[in-house]
Structures are given as structure tokens and as C-alpha cells.
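S.K.: Structure file input.txt (compact mmCIF, C-alpha atoms and all ligand atoms) right here:
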# COMPACT_ATOMS: atom_id res chain seq x y z
CA MET A 15 14.94 -16.90 -20.14
CA ILE A 16 15.80 -20.61 -20.23
CA CYS A 17 13.47 -22.83 -22.24
CA PRO A 18 11.56 -25.11 -19.80
CA PHE A 19 11.39 -27.86 -22.44
CA CYS A 20 14.95 -28.24 -23.73
CA ARG A 21 16.84 -25.96 -21.28
CA HIS A 22 18.17 -23.88 -24.16
CA ASP A 23 19.39 -20.65 -22.57
CA ASP A 24 17.65 -18.23 -24.88
CA SER A 25 14.09 -17.49 -25.95
CA ARG A 26 12.30 -14.99 -28.13
CA VAL A 27 9.38 -12.85 -26.99
CA VAL A 28 6.49 -13.31 -29.43
CA ASP A 29 3.81 -11.40 -27.51
CA SER A 30 3.61 -9.04 -24.53
CA ARG A 31 0.51 -7.85 -22.79
CA PRO A 32 -0.25 -6.11 -19.53
CA VAL A 33 -2.49 -7.93 -17.04
CA VAL A 34 -3.95 -7.07 -13.63
CA ASP A 35 -4.50 -3.30 -13.96
CA GLY A 36 -1.18 -2.89 -15.74
CA THR A 37 1.05 -3.87 -12.82
CA GLU A 38 2.03 -7.17 -14.43
CA ILE A 39 3.16 -8.11 -17.88
CA ARG A 40 2.64 -11.50 -19.43
CA ARG A 41 4.96 -12.57 -22.20
CA ARG A 42 4.62 -15.34 -24.69
CA ARG A 43 8.02 -16.74 -25.58
CA GLU A 44 9.33 -19.12 -28.16
CA CYS A 45 12.43 -21.25 -27.95
CA PRO A 46 14.55 -20.83 -31.10
CA LYS A 47 16.00 -24.32 -30.62
CA CYS A 48 13.00 -26.61 -30.04
CA GLY A 49 10.26 -24.24 -31.18
CA GLN A 50 8.13 -24.75 -28.05
CA ARG A 51 6.20 -21.80 -26.68
CA PHE A 52 5.75 -20.87 -23.03
CA SER A 53 4.53 -17.91 -20.98
CA THR A 54 6.25 -15.82 -18.37
CA GLN A 55 4.89 -13.16 -16.12
CA GLU A 56 6.77 -10.11 -14.97
CA VAL A 57 5.83 -8.23 -11.82
CA ALA A 58 7.62 -5.16 -10.49
CA LEU A 59 9.34 -5.95 -7.20
CA LEU A 60 7.71 -4.54 -4.12
CA ASN A 61 9.13 -5.89 -0.91
CA ILE A 62 8.29 -4.79 2.58
CA ILE A 63 11.07 -4.46 5.13
CA LYS A 64 9.74 -5.55 8.48
CA ARG A 65 10.90 -4.11 11.78
CA SER A 66 13.04 -7.20 12.31
CA GLY A 67 14.88 -6.39 9.08
CA ALA A 68 13.36 -9.37 7.25
CA THR A 69 11.70 -8.65 3.92
CA GLU A 70 8.57 -10.12 2.41
CA PRO A 71 6.57 -9.40 -0.75
CA PHE A 72 3.91 -6.73 -0.39
CA SER A 73 0.51 -8.28 0.27
CA ARG A 74 -2.79 -6.53 -0.38
CA GLU A 75 -4.38 -9.17 1.78
CA LYS A 76 -2.37 -8.02 4.80
CA VAL A 77 -3.49 -4.44 4.24
CA LEU A 78 -7.07 -5.70 4.02
CA VAL A 79 -6.80 -7.63 7.28
CA GLY A 80 -5.54 -4.55 9.09
CA VAL A 81 -8.16 -2.12 7.80
CA ARG A 82 -10.99 -4.65 8.11
CA LYS A 83 -10.31 -4.83 11.83
CA ALA A 84 -10.35 -1.06 12.15
CA CYS A 85 -13.63 -0.90 10.20
CA GLN A 86 -15.52 -3.45 12.29
CA GLY A 87 -19.07 -2.26 12.90
CA ARG A 88 -18.59 0.73 10.63
CA PRO A 89 -20.68 1.45 7.53
CA VAL A 90 -17.92 0.38 5.18
CA ASP A 91 -18.31 -2.48 2.77
CA GLU A 92 -15.79 -4.98 1.54
CA ASP A 93 -15.55 -3.31 -1.89
CA ASP A 94 -14.43 -0.07 -0.23
CA LEU A 95 -11.71 -1.98 1.58
CA VAL A 96 -10.55 -3.73 -1.57
CA LEU A 97 -10.34 -0.37 -3.33
CA LEU A 98 -8.44 1.10 -0.40
CA ALA A 99 -5.90 -1.74 -0.49
CA GLN A 100 -5.53 -1.17 -4.22
CA ARG A 101 -4.90 2.54 -3.67
CA VAL A 102 -2.31 1.72 -1.01
CA GLU A 103 -0.50 -0.56 -3.42
CA GLU A 104 -0.61 2.08 -6.17
CA THR A 105 0.79 4.69 -3.78
CA LEU A 106 3.63 2.41 -2.75
CA ARG A 107 4.43 1.36 -6.31
CA GLY A 108 4.25 5.01 -7.30
CA THR A 109 7.29 5.72 -5.13
CA GLY A 110 9.32 3.64 -7.56
CA GLN A 111 11.11 1.91 -4.71
CA ALA A 112 11.56 -1.87 -4.77
CA GLU A 113 11.76 -2.06 -1.00
CA ILE A 114 9.61 -0.17 1.43
CA GLU A 115 9.64 0.02 5.22
CA ALA A 116 6.61 -1.54 6.89
CA GLN A 117 6.02 1.80 8.57
CA GLU A 118 5.50 3.48 5.21
CA VAL A 119 2.77 0.99 4.41
CA GLY A 120 0.99 2.13 7.56
CA MET A 121 1.41 5.74 6.45
CA ALA A 122 0.00 4.96 3.02
CA ILE A 123 -3.06 3.37 4.68
CA LEU A 124 -3.84 6.34 6.92
CA ALA A 125 -4.79 8.89 4.25
CA PRO A 126 -7.33 6.82 2.28
CA LEU A 127 -8.72 5.28 5.47
CA ARG A 128 -9.37 8.75 6.80
CA GLU A 129 -11.36 9.57 3.69
CA LEU A 130 -13.32 6.35 4.04
CA ASP A 131 -14.29 6.49 7.69
CA GLU A 132 -12.95 8.81 10.36
CA VAL A 133 -13.74 6.51 13.27
CA ALA A 134 -11.94 3.61 11.62
CA TYR A 135 -9.09 5.97 10.89
CA LEU A 136 -8.84 6.94 14.57
CA ARG A 137 -8.86 3.29 15.61
CA TYR A 138 -6.15 2.44 13.14
CA ALA A 139 -4.07 5.50 13.97
CA SER A 140 -4.34 4.86 17.69
CA VAL A 141 -2.81 1.42 17.34
CA TYR A 142 -0.44 2.23 14.56
CA ARG A 143 0.88 5.44 16.07
CA ASN A 144 0.76 4.23 19.66
CA PHE A 145 -1.69 6.73 21.08
CA ALA A 146 -0.92 6.69 24.78
CA SER A 147 -3.40 9.14 26.22
CA LEU A 148 -6.70 10.92 25.74
CA GLU A 149 -4.70 13.95 24.66
CA ASP A 150 -3.37 12.01 21.70
CA PHE A 151 -6.94 11.31 20.59
CA GLU A 152 -7.99 14.89 21.23
CA GLY A 153 -5.11 16.21 19.18
CA GLU A 154 -5.92 13.89 16.32
CA ILE A 155 -9.62 14.72 16.41
CA ALA A 156 -8.82 18.42 16.40
CA LEU A 157 -6.68 17.80 13.34
CA LEU A 158 -9.49 15.90 11.66
CA ARG A 159 -11.86 18.79 12.33
CA ALA A 160 -9.38 21.37 11.09
CA LEU A 161 -8.82 19.61 7.81
CA PRO A 162 -11.64 18.78 5.45
CA SER A 163 -11.55 15.10 4.56
CA SER A 164 -11.30 16.11 0.92
CA ALA A 165 -7.73 17.21 1.60
CA THR A 166 -5.31 15.70 -0.85
CA ASN A 167 -3.44 12.56 0.06
CA ALA A 168 -0.19 14.44 0.12
CA THR A 169 -1.52 16.93 2.64
CA SER A 170 -2.90 14.36 5.01
CA ALA A 171 0.20 12.21 4.63
CA THR A 172 2.30 15.17 5.70
CA ASN A 173 0.03 15.83 8.61
CA VAL A 174 0.04 12.29 9.93
CA ARG A 175 3.79 12.47 9.89
CA THR A 176 3.63 15.30 12.41
CA PRO A 177 3.54 13.87 15.90
CA VAL A 178 0.71 15.35 17.94
CA ASN A 179 2.02 15.63 21.46
CA THR A 180 -0.17 18.35 22.82
CA SER A 181 -3.90 18.70 23.00
CA THR A 182 -3.89 21.56 20.56
CA ALA A 183 -4.15 20.88 16.90
CA GLN A 184 -0.83 21.42 15.32
CA GLN A 185 -0.75 22.18 11.70
CA LYS A 186 2.22 20.81 9.91
CA THR A 187 5.41 22.16 11.36
CA GLY A 188 7.42 21.48 8.25
CA LYS A 189 8.79 18.25 6.95
ZN ZN B 1 13.52 -25.29 -26.19
Produce C-alpha cells that represent the structure in this file.
Ligand SMILES: [Zn+2]
M.R.:
Amino acid sequence: MICPFCRHDDSRVVDSRPVVDGTEIRRRRECPKCGQRFSTQEVALLNIIKRSGATEPFSREKVLVGVRKACQGRPVDEDDLVLLAQRVEETLRGTGQAEIEAQEVGMAILAPLRELDEVAYLRYASVYRNFASLEDFEGEIALLRALPSSATNATSATNVRTPVNTSTAQQKTGK
């Protein structure tokens, strides 16, 4: 790390501490040449690849905007949404990938949203998964009824990956 004071191309870490629920690290550094101290912050990369192919940094705010819309008029408060967005970020970071398709962000939102509010989940899923007919809704509702909302994230994530094309509830047909 180059010293911002004298441009010396080396610096020594004198202190490291995690900030923001452990997803960032702040380091205190000292320049061995001029002795000045400065701070740096290290954040694990998490970029979202949009459908156009362009990438942008993951934004919790964008997740919030999307789920807030789906939750309009529902008994869900802002704190629940903030927590949901945090869980989505943790899920995505948990994959260990530095770049994630925008579609996977949508997938990561579906499971916790379903646990939060099933109506909001249906709204979100209908837009996100392009429900085209009443049958799509019926299939999804049948799935919701068949699976207790306490199902693990992994289970519901697998299920939302299964396209529901018929009006009968299809359990997962394998990955
Ligand atoms: Zn320096």
C-alpha cells in the first residue's frame, strides 16, 4: 500500500480490526519512511453480473427496494426488510464467489421472503419468475401449502429452482 503522504511504496500494518459484522477489515498502517499513519479498509469483492453483462457492486439497498415493493401493505416492518437484505448478502458472500449473476440474487431473496410473508413472496416470485397464468400462481400456492415455511433455506431454494408449469404441485424433480 502506497503511503498517501510521501508516496513511499510500502507500509506496515500496525493494527487490524473487523468492522461491520465482520465483512470488512480496517487496518491502521504506518509508513516506514515518513512515519505517518493512515487507515485502509478491506472489503471482500461481491459484484453482480447484470443481464447485459455489465457488473456492479452488490447493493443491499437495491435488495431493499425490491422487497419493499413486494411487501407494500403487508404486516412487515422496515427492520424485517433490513434483516432480510442482510441475510441475502450473507448467503451470497457465503458462496465464496466474487461475482454473482443477478438472477442468483433473486433466488437468494425468495427463500427468506417466503419465511417473512407468503403474499409478498408470491408477488415477488410472480414478477421475478415471470408468472404468466393463473396456473403458475396455483402451482406456487400448492407448493407453499405442501412445504411448511420452516423449511430450510436450502430446501426452498431448490424448490424455487424447479419450474412449476402445471397446476399440480411438483416436488423437486432433482437438481
Ligand atoms: Zn510516507
S.K.: Measuring atom to atom with all atoms listed in the file, identify which of A:Val119, A:Ile62, A:Val33, A:Cys17 is nearest to A:Gly80.
M.R.: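 When distances to A:Gly80 are compared using all atoms listed in the file, the smallest one comes from A:Val119.
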S.K.: For a quick check of understanding, using only C-alpha atoms, which of A:Ser53, A:Ser30, A:Gln86, A:Gln100 has the smallest distance to A:Arg137?
M.R.: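 Looking at the shortest contact to A:Arg137, the residue is A:Gln86.
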S.K.: Which one of A:Glu118, A:Glu38, A:Glu44, A:Glu103 sits closest to A:Asp24 if you count all atoms listed in the file?
M.R.: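 Between A:Glu118, A:Glu38, A:Glu44, A:Glu103, the residue approaching A:Asp24 most closely is A:Glu44.
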S.K.: If the limit is 7 Å from any atom of ligand ZN 1 (chain B), counting all atoms listed in the file, which residues qualify? Return them as a ChimeraX atom specification.
M.R.: /A:17-22,45-50
S.K.: Which value, in Å to one decimal, gives the distance between atom CA of A:Tyr135 and atom CA of A:Glu104?
M.R.: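 Separating atom CA of A:Tyr135 from atom CA of A:Glu104 is a distance of 19.4 Å.
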S.K.: Copy stretch 139-157 of chain A out of the block into a file, keeping N, CA and C atoms, as a PDB file, in the first residue's frame.
M.R.:
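Written output follows (out39.pdb):
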ATOM      1  N   ALA A 139     -42.219 -13.386  -6.496  1.00  0.00           N
ATOM      2  CA  ALA A 139     -41.975 -14.524  -7.381  1.00  0.00           C
ATOM      3  C   ALA A 139     -42.696 -14.352  -8.715  1.00  0.00           C
ATOM      4  N   SER A 140     -43.876 -13.751  -8.675  1.00  0.00           N
ATOM      5  CA  SER A 140     -44.647 -13.625  -9.913  1.00  0.00           C
ATOM      6  C   SER A 140     -43.951 -12.703 -10.904  1.00  0.00           C
ATOM      7  N   VAL A 141     -43.304 -11.670 -10.375  1.00  0.00           N
ATOM      8  CA  VAL A 141     -42.586 -10.756 -11.259  1.00  0.00           C
ATOM      9  C   VAL A 141     -41.253 -11.378 -11.644  1.00  0.00           C
ATOM     10  N   TYR A 142     -40.559 -11.838 -10.615  1.00  0.00           N
ATOM     11  CA  TYR A 142     -39.214 -12.319 -10.821  1.00  0.00           C
ATOM     12  C   TYR A 142     -39.168 -13.565 -11.699  1.00  0.00           C
ATOM     13  N   ARG A 143     -40.159 -14.447 -11.518  1.00  0.00           N
ATOM     14  CA  ARG A 143     -40.145 -15.679 -12.305  1.00  0.00           C
ATOM     15  C   ARG A 143     -41.132 -15.654 -13.450  1.00  0.00           C
ATOM     16  N   ASN A 144     -41.619 -14.451 -13.753  1.00  0.00           N
ATOM     17  CA  ASN A 144     -42.484 -14.279 -14.930  1.00  0.00           C
ATOM     18  C   ASN A 144     -43.709 -15.177 -14.946  1.00  0.00           C
ATOM     19  N   PHE A 145     -44.463 -15.185 -13.842  1.00  0.00           N
ATOM     20  CA  PHE A 145     -45.700 -15.944 -13.856  1.00  0.00           C
ATOM     21  C   PHE A 145     -46.564 -15.432 -15.002  1.00  0.00           C
ATOM     22  N   ALA A 146     -47.050 -16.344 -15.815  1.00  0.00           N
ATOM     23  CA  ALA A 146     -47.796 -15.909 -16.992  1.00  0.00           C
ATOM     24  C   ALA A 146     -49.278 -16.229 -16.878  1.00  0.00           C
ATOM     25  N   SER A 147     -49.639 -17.102 -15.960  1.00  0.00           N
ATOM     26  CA  SER A 147     -51.031 -17.519 -15.907  1.00  0.00           C
ATOM     27  C   SER A 147     -51.458 -17.813 -14.475  1.00  0.00           C
ATOM     28  N   LEU A 148     -52.769 -17.988 -14.318  1.00  0.00           N
ATOM     29  CA  LEU A 148     -53.301 -18.368 -13.014  1.00  0.00           C
ATOM     30  C   LEU A 148     -52.698 -19.687 -12.558  1.00  0.00           C
ATOM     31  N   GLU A 149     -52.440 -20.573 -13.515  1.00  0.00           N
ATOM     32  CA  GLU A 149     -51.887 -21.883 -13.177  1.00  0.00           C
ATOM     33  C   GLU A 149     -50.527 -21.742 -12.487  1.00  0.00           C
ATOM     34  N   ASP A 150     -49.759 -20.755 -12.950  1.00  0.00           N
ATOM     35  CA  ASP A 150     -48.463 -20.537 -12.313  1.00  0.00           C
ATOM     36  C   ASP A 150     -48.645 -20.199 -10.834  1.00  0.00           C
ATOM     37  N   PHE A 151     -49.624 -19.333 -10.553  1.00  0.00           N
ATOM     38  CA  PHE A 151     -49.901 -18.963  -9.164  1.00  0.00           C
ATOM     39  C   PHE A 151     -50.389 -20.175  -8.379  1.00  0.00           C
ATOM     40  N   GLU A 152     -51.317 -20.925  -9.015  1.00  0.00           N
ATOM     41  CA  GLU A 152     -51.876 -22.094  -8.335  1.00  0.00           C
ATOM     42  C   GLU A 152     -50.789 -23.100  -7.984  1.00  0.00           C
ATOM     43  N   GLY A 153     -49.890 -23.301  -8.928  1.00  0.00           N
ATOM     44  CA  GLY A 153     -48.804 -24.251  -8.687  1.00  0.00           C
ATOM     45  C   GLY A 153     -47.932 -23.797  -7.528  1.00  0.00           C
ATOM     46  N   GLU A 154     -47.639 -22.502  -7.517  1.00  0.00           N
ATOM     47  CA  GLU A 154     -46.782 -21.957  -6.474  1.00  0.00           C
ATOM     48  C   GLU A 154     -47.463 -22.020  -5.105  1.00  0.00           C
ATOM     49  N   ILE A 155     -48.762 -21.725  -5.104  1.00  0.00           N
ATOM     50  CA  ILE A 155     -49.511 -21.763  -3.843  1.00  0.00           C
ATOM     51  C   ILE A 155     -49.584 -23.195  -3.317  1.00  0.00           C
ATOM     52  N   ALA A 156     -49.777 -24.131  -4.227  1.00  0.00           N
ATOM     53  CA  ALA A 156     -49.814 -25.532  -3.816  1.00  0.00           C
ATOM     54  C   ALA A 156     -48.474 -25.926  -3.193  1.00  0.00           C
ATOM     55  N   LEU A 157     -47.406 -25.409  -3.787  1.00  0.00           N
ATOM     56  CA  LEU A 157     -46.072 -25.682  -3.247  1.00  0.00           C
ATOM     57  C   LEU A 157     -45.916 -25.088  -1.857  1.00  0.00           C
TER      58      LEU A 157
END
